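J.: One structure follows; several queries about it will come next.
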Amino acid sequence: MSYIALSDQDKKEMLARIGVSSVDELFGCLPDEIKLTRKLNLREAMTEPELIRCFEELSAKNGYVGHLSFLGAGIYRHFIPAVVDALSSRGEFLTPYTPYQPEVSQGTLQAIFEYQTLICQLTGMDISNASLYDGAMAAAEAVLMANRLNGKPKILVARSLHPQYRETIRTYVKNLGVRIEEVAFGDCGGVKTDDLLKHLGMDTSAVLVQSPNFFGAVEELKKFCDLAHGHQALFIVAVAEGASLGILEAPGAVGADIVCGEAQSFGLAPSFGGPHLGFMACKKEHLRQLPGRIAGQTKDVDGRRGFVLTLSTREQHIRREKATSNICTNQAWCALRATMFLETLGPDGLRDMAVQNIQKADYALGRLTAVRGVKARFSGRVFNEFVLQFPRDVRSVEAGLRAKGIVGGLGLNELYPELADCALFCVTEVHTKADIDQLAAALEEVLR
Amino acid sequence: MTREPLIFEVSAKGKRAYRLPKLDVPANPDVLEGLPVRTGIPDFPEVSEVELVRHFTRLSQQNYCVDIGFYPLGSCTMKYNPKVNERVAGLPGFVGAHPLAPADLVQGNLEVLGLLEDALCEIAGMEAFTLQPSAGAQGELTGMMLIRACLEAAGRPRKVVLIPDSAHGTNPSSAHLCGYTVQEIKSNENGTVDLEDLAKRMTEDVAALMVTNPNTLGVFEYDIRKIADIVHAKGGFLYMDGANMNALTGICRPGDMGVDVIHINLHKTFSTPHGGGGPGSGPVGVKKIFEPFLPVPRVARKAGAFVLDFDRPKSIGRVRSFYGNFLVIVKALAYILTLGPDGLRELAETAVLNANYIRKSLDQDYHLKYTTPTLHECVFSDKFQKENGISNLDIAKRLIDLGVHPPTMSFPLIVHGALMVEPTETESRRDLDQFIEAMKQIAREAKENPEILKSAPHASYVRRLDETAAARNPIVKWEKSR
């Protein structure tokens with residue numbers, strides 16, 4: 001199958017107008033010695049029905065979807081209302097480019113403007129960009145931004161920050177002379193204040209804390225923010241589970257300077273890890289160091305409101321190597337879905353959803369820790385994830401649950417050697433009471 | 001057309017478009033005690049479902065898009081995005097899979113990754129690919145990190161990256177993020193890399209040359225092999241920005257030209273929808289010596305099954321979470337499987353035919369700074385129209401009135417007043433001719449009625465917008481008026 005729209009007659013006439021006798025002549029500007037003299041060694045072309053069959057077979061090789069799963073760890077399953085799929089799949093949203101010509105891109109631009117407003121309302125911050133690739137990259141960009149803002153060399157990162165976010169930050173700063181130090185977690189599952197104080201100094205550029213953190217624990221943001229500010233360091237909050245913002249205090253309310261994270265929970269399916277939605281918001285005095293696209297409001301020549309991409313002098317296409325970031329394309333369509341999702345739920349829907357997550361996690365934690373030998377590893381309050389400690393090897397527990405058609409939690413033995421006998425479980429509003437009871441019963445049998 | 005309000009302006013307390021099922025576990029009345037709970041989300045919108053649907057449907061109608069018509073943005077490759085690719089990317093095994101699921105439960109997804117890596121290796125003539133980078137710019141950054149890691153392992157990362165003056169702005173920005181200083185290489189009178197300038201600057205302090213081929217003028221670097229030799233002779237590496245691969249699929253392969261590292265934009269060459277500015281995907285292909293440094297994890301085959309290999313001590317690490325923009329990867333693979341080897345060659349041939357047809361049809365009406373033969377795109381300038389006080393901006397805005405999307409403007413920087421046209425392979429003769437006619441009409445209007453250009457667009461939802469005011473006094477969110 002081909003998507004070429006020219007007839008043979010068209011081609012003939014077009015070649016004639018150009019003044020060449022064949023398409024090959026148009027490639028005369030390539031040296032012969034590099035031209036491919038054979039066909040590409042790829043599967044022969046497929047028709048549409050063949051293609052669908054091929055992908056249905058590939059899709060069916062993912063046995064995961066038939067399992068009851070309690071995996072979270074940065075990717076969360078939440079219900080996605082039908083309007084989100086129906087509206088976002090319109091060609092007018094799916095097939096335009098970045099809105100460089102605002103007069104014919106008001107739909108995308110207004111949606112981004114609404115998105116930026118929603119992110120500001122949720123995080124309690126002044127300014128949001130138009131999105132970044134994902135939470136891990138947003139965390140890395142936040143660290144770079146802090147370094148640009150105060151020029152200090154050291155970044156303190158909570159060990160309870162998502163391991164993949166920490167890895168991505170390390171990759172990004174490796175060649176830039178920024179030092180990363182990890183701050184330990186305590187028995188509550190959150191940042192250990194003593195250890196933070198030990199690392200914190202006047203050479204600290206920023207303190208980065210995730211809340212709810214990788215273990216699901218809600219961090220004492222206010223306390224850490226005040227400590228950071230006391231040392232003239234910036235305070236960065238990462239949010240990997242956006243749904244928590246429906247009920248938990250906005251990071252802006254405790255004084256955070258930059259809030260970054262992952263908004264996959266807002267209308268994006270797990271999708272084997274992407275595409276998802278990095279977000280970033282900051283105080284208004286830092287606007288000109290914020291990376292990524294930003295939509296702004298203006299007027300047209302008739303005085304009517306319209307929207308444009310703005311502050312582009314921060315960006316690579318103008319500033320080249322002096323830009324705030326190298327990002328060009330972002331995740332506009334994912335941000336559009338998040339906008340639709342949030343506007344569908346509204347404040348009450350979002351709050352109800354967040355509270356159900358807390359209630360169900362609370363119920364699950366109670367049911368599971370009632371199983372003999374199972375303990376909650378941490379004492380801190382959680383949102384929709386928690387760490388369980390088992391009396392025996394976590395891999396055998398995982399295998400036992402697997403044999404009963406259950407996936408999860410996530411064994412922490414490799415990510416955190418100090419939590420080798422622990423696993424991270426996630427429960428959201430899509431899990432029913434029966435699902436949780438089934439997990440508890442299975443665990444009971446596995447550990448018998 | 002009436003103006004569509006912001007959703008916040010139609011919000012009314014208590015309206016709902018969604019209701020959760022009743023909580024089915026016993027409610028713990030004290031569950032929020034001790035948690036830092038917010039009192040509400042001030043001014044968060046509340047609307048009914050029908051209002052929401054109409055809001056976004058009306059907003060969608062204010063967008064121009066590939067599904068509506070010709071979209072000749074140079075270097076952006078705005079081709080048709082096949083509908084079947086959306087359908088297959090929506091299959092439950094793909095959208096439903098958690099990325100941390102045990103490997104034996106996601107064999108299909110790992111196979112998709114393996115299939116696309118293999119196909120890209122064959123198409124680009126490279127020996128390994130990583131699909132992790134989320135877009136072209138992240139691909140560039142990853143590629144430069146690989147070069148740096150490889151040089152470091154050999155003893156010295158070096159200091160400088162050379163970049164032609166015709167390059168996209170992400171190139172210098174990515175090199176800079178990787179800790180390199182950037183030196184610009186001049187273009188010669190053909191618009192290609194000046195070999196003398198390159199030879200002079202190519203010292204043992206230079207880590208790499210980043211070259212776009214064909215370059216942003218659409219001109220193929222005829223001396224690419226010589227360029228590679230000059231760079232390699234000093235122990236440096238040749239990085240290729242593959243943004244313009246649409247000119248080359250099935251015709252020639254970067255790996256055969258001496259390219260060491262390349263990124264490819266799946267949202268350009270392989271037709272995944274641009275989504276109004278993402279998600280994209282920017283896989284990076286390398287020659288064998290870079291393979292140990294690729295981001296973790298790698299997809300590998302072990303005992304007849306796919307596994308994820310994290311045990312790679314030389315890896316540069318992760319550049320993002322998980323394995324990349326997976327659903328974009330699915331769509332790109334679907335495109336490659338649909339086209340097959342003959343279709344991929346026909347893709348490049350037709351893209352080049354269409355671009356040359358436009359170039360030839362307009363070369364009397366618009367100035368071409370470089371007369372070198374071009375492949376998949378061509379760059380006109382507003383030099384002729386400037387005589388009547390008309391700029392490329394005026395031309396672009398008038399095109400909107402005439403029903404086509406304007407070309408890329410003011411880029412590359414080496415052409416003043418640039419209009420960079422890339423038609424892609426999927427356009428019909430009728431659409432090409434409509435664009436050509438519109439451009440000719442504008443050239444006439446520039447002489448006869450320049451005012452109509454200066455005040456364009458007239459027929460769009462909003463008219464010319466004040467971008468200076470937007471930047472001077474940034475309003476970047478809605479706030480309740482007090």
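Ligands are numbered from 1 in the order shown, chains are lettered A, B, ... in the order of the structure tokens, and residues start at 1 in each chain.
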So which residues touch segment 31-38 of chain A within 10 Å, counting only C-alpha atoms, skipping near sequence neighbours fewer than 6 positions away, as a list of chain:residue names?
T.: B:Phe220, B:Glu221, B:Tyr222, B:Asp223, B:Ile224, B:Arg225, B:Leu248, B:Thr249, B:Gly250, B:Ile251, B:Cys252, B:Arg253, B:Pro254, B:Gly255, B:Asp256, B:Met257, B:Gly258, B:Pro341
J.: Kindly save the residues from that selection, with C-alpha atoms included, as a CSV table (one decimal), in the first residue's frame.
T.:
chain,number,residue,atom,x,y,z
B,220,PHE,CA,22.6,17.2,-0.7
B,221,GLU,CA,26.2,17.5,0.6
B,222,TYR,CA,27.8,16.1,-2.5
B,223,ASP,CA,31.2,15.8,-0.8
B,224,ILE,CA,29.8,14.0,2.2
B,225,ARG,CA,32.4,11.2,1.9
B,248,LEU,CA,16.7,9.6,1.0
B,249,THR,CA,14.7,6.5,2.1
B,250,GLY,CA,15.7,3.6,-0.2
B,251,ILE,CA,17.9,5.9,-2.3
B,252,CYS,CA,21.0,6.0,-0.1
B,253,ARG,CA,21.9,5.4,3.5
B,254,PRO,CA,23.7,7.7,6.0
B,255,GLY,CA,25.8,4.8,7.3
B,256,ASP,CA,27.2,4.3,3.8
B,257,MET,CA,28.3,7.9,3.6
B,258,GLY,CA,30.5,7.8,6.7
B,341,PRO,CA,11.0,-1.5,0.5
J.: List every residue of segment 161-327 of chain A that DSSP, applied to the backbone, labels as strand (DSSP E), and write the result as a PyMOL selection string.
T.: chain A and resi 179-183+204-210+234-239+258-262+278-282+295-299+305-309
J.: Please report, as a tab-separated table, each residue of segment 30-142 of chain A lying at most 7 Å from segment 411-425 of chain A, together with the nearest pair of atoms and the separation in Å rounded to one decimal; use only C-alpha atoms, and order rows by chain and ascending residue number.
T.:
residue	atom	partner	partner_atom	distance
A:Phe70	CA	A:Phe425	CA	5.5
A:Leu71	CA	A:Phe425	CA	6.1
A:Gly72	CA	A:Phe425	CA	6.8
J.: Which polymer residues have any atom within 7 Å of an atom of segment 92-97 of chain B, counting only C-alpha atoms, with same-chain residues fewer than 3 positions away left out, as a ChimeraX atom specification?
T.: /A:59-60,62,64-65,269-272 /B:89,109
J.: Save the residues we just selected, N, CA and C atoms, as a PDB file, in the first residue's frame?
T.:
ATOM      1  N   SER A  59      -0.096  -7.292  19.516  1.00  0.00           N
ATOM      2  CA  SER A  59      -0.807  -6.829  20.709  1.00  0.00           C
ATOM      3  C   SER A  59      -1.205  -8.007  21.599  1.00  0.00           C
ATOM      4  N   ALA A  60      -1.616  -9.095  20.949  1.00  0.00           N
ATOM      5  CA  ALA A  60      -2.081 -10.264  21.702  1.00  0.00           C
ATOM      6  C   ALA A  60      -0.939 -10.980  22.426  1.00  0.00           C
ATOM      7  N   ASN A  62       0.920  -9.632  24.401  1.00  0.00           N
ATOM      8  CA  ASN A  62       1.101  -8.945  25.678  1.00  0.00           C
ATOM      9  C   ASN A  62       0.088  -9.492  26.676  1.00  0.00           C
ATOM     10  N   TYR A  64      -0.050  -9.283  29.627  1.00  0.00           N
ATOM     11  CA  TYR A  64      -0.249  -8.412  30.792  1.00  0.00           C
ATOM     12  C   TYR A  64      -1.685  -7.942  30.943  1.00  0.00           C
ATOM     13  N   VAL A  65      -2.303  -7.585  29.813  1.00  0.00           N
ATOM     14  CA  VAL A  65      -3.617  -6.935  29.909  1.00  0.00           C
ATOM     15  C   VAL A  65      -4.697  -7.854  30.484  1.00  0.00           C
ATOM     16  N   ALA A 269      -3.267   6.787  28.812  1.00  0.00           N
ATOM     17  CA  ALA A 269      -3.191   5.388  29.220  1.00  0.00           C
ATOM     18  C   ALA A 269      -1.730   5.012  29.489  1.00  0.00           C
ATOM     19  N   PRO A 270      -1.501   3.891  30.186  1.00  0.00           N
ATOM     20  CA  PRO A 270      -0.112   3.486  30.492  1.00  0.00           C
ATOM     21  C   PRO A 270       0.776   3.390  29.245  1.00  0.00           C
ATOM     22  N   SER A 271       0.233   2.839  28.130  1.00  0.00           N
ATOM     23  CA  SER A 271       0.905   2.892  26.821  1.00  0.00           C
ATOM     24  C   SER A 271       2.361   2.427  26.834  1.00  0.00           C
ATOM     25  N   PHE A 272       2.670   1.471  27.665  1.00  0.00           N
ATOM     26  CA  PHE A 272       4.021   0.921  27.764  1.00  0.00           C
ATOM     27  C   PHE A 272       5.068   2.021  27.963  1.00  0.00           C
TER      28      PHE A 272
ATOM     29  N   ALA B  89      -2.325   1.537  16.791  1.00  0.00           N
ATOM     30  CA  ALA B  89      -1.681   2.033  18.015  1.00  0.00           C
ATOM     31  C   ALA B  89      -2.650   2.056  19.191  1.00  0.00           C
ATOM     32  N   ASN B 109       5.167  -6.080  22.837  1.00  0.00           N
ATOM     33  CA  ASN B 109       5.693  -4.719  22.834  1.00  0.00           C
ATOM     34  C   ASN B 109       7.201  -4.713  22.630  1.00  0.00           C
TER      35      ASN B 109
END
J.: Mind checking which residues fall within 7 Å of segment 370-385 of chain A, counting only C-alpha atoms, ignoring those fewer than 6 positions away in the same chain, and posting them as a count of residues only?
T.: 19
J.: Can you work out which one of B:Glu117, B:Asp260, B:Glu387, B:Asp104 has the shortest atom-to-atom distance to chain A, counting only C-alpha atoms?
T.: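 Smallest distance to chain A is found for B:Asp104.
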J.: In Å, how far is it from atom CA of Asp205 of chain B to atom CA of Lys322 of chain A?
T.: 21.0 Å
J.: Can you pull out the residues contacting segment 19-31 of chain B? Cut-off 7 Å, using only C-alpha atoms, and skip same-chain residues under 6 positions away; I want them as a list in words.
T.: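 Close residues of segment 19-31 of chain B: Gly349, Gln356, Gln359, Lys360, Tyr363, Thr432 and Lys433 of chain A.
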J.: Rounded to one decimal, what separation in Å do you get between atom CA of Glu86 of chain B and atom CA of Leu353 of chain B?
T.: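 One can read the atom CA of Glu86 of chain B to atom CA of Leu353 of chain B distance as 28.0 Å.
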J.: So how far away is atom CA of Pro291 of chain A from atom CA of Leu311 of chain A, in Å?
T.: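 Between these atoms lies a distance of 10.3 Å.
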J.: Report as a PyMOL selection string all protein, DNA and RNA residues lying within 7 Å of segment 80-84 of chain B, evaluated on only C-alpha atoms, omitting residues in the same chain fewer than 4 positions from it.
T.: chain B and resi 66+88+271-273+426
J.: Could you write out the selected residues, including N, CA and C atoms, as an mmCIF file, in the first residue's frame?
T.:
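What ended up in out09.cif:
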data_model
loop_
_atom_site.group_PDB
_atom_site.id
_atom_site.type_symbol
_atom_site.label_atom_id
_atom_site.label_comp_id
_atom_site.auth_asym_id
_atom_site.auth_seq_id
_atom_site.Cartn_x
_atom_site.Cartn_y
_atom_site.Cartn_z
ATOM 1 N N VAL B 66 -3.134 18.910 8.469
ATOM 2 C CA VAL B 66 -2.838 18.098 7.285
ATOM 3 C C VAL B 66 -4.113 17.461 6.723
ATOM 4 N N VAL B 88 -4.186 0.845 14.861
ATOM 5 C CA VAL B 88 -3.347 -0.215 15.431
ATOM 6 C C VAL B 88 -2.659 0.256 16.720
ATOM 7 N N SER B 271 5.855 9.541 9.382
ATOM 8 C CA SER B 271 4.442 9.883 9.295
ATOM 9 C C SER B 271 3.618 9.780 10.568
ATOM 10 N N THR B 272 4.237 9.878 11.728
ATOM 11 C CA THR B 272 3.390 9.879 12.921
ATOM 12 C C THR B 272 2.880 11.303 13.117
ATOM 13 N N PRO B 273 1.620 11.471 13.502
ATOM 14 C CA PRO B 273 1.031 12.818 13.531
ATOM 15 C C PRO B 273 1.755 13.758 14.489
ATOM 16 N N THR B 426 3.036 12.960 -0.212
ATOM 17 C CA THR B 426 1.640 12.498 -0.215
ATOM 18 C C THR B 426 0.672 13.459 -0.896
#
J.: Using only C-alpha atoms, determine which residues lie at most 12 Å from Gly403 of chain B, disregarding the query and same-chain residues fewer than 5 positions distant; provide the list as number ranges by chain.
T.: A: 104; B: 64-65, 68-71, 396-398, 431, 434-439, 457-460
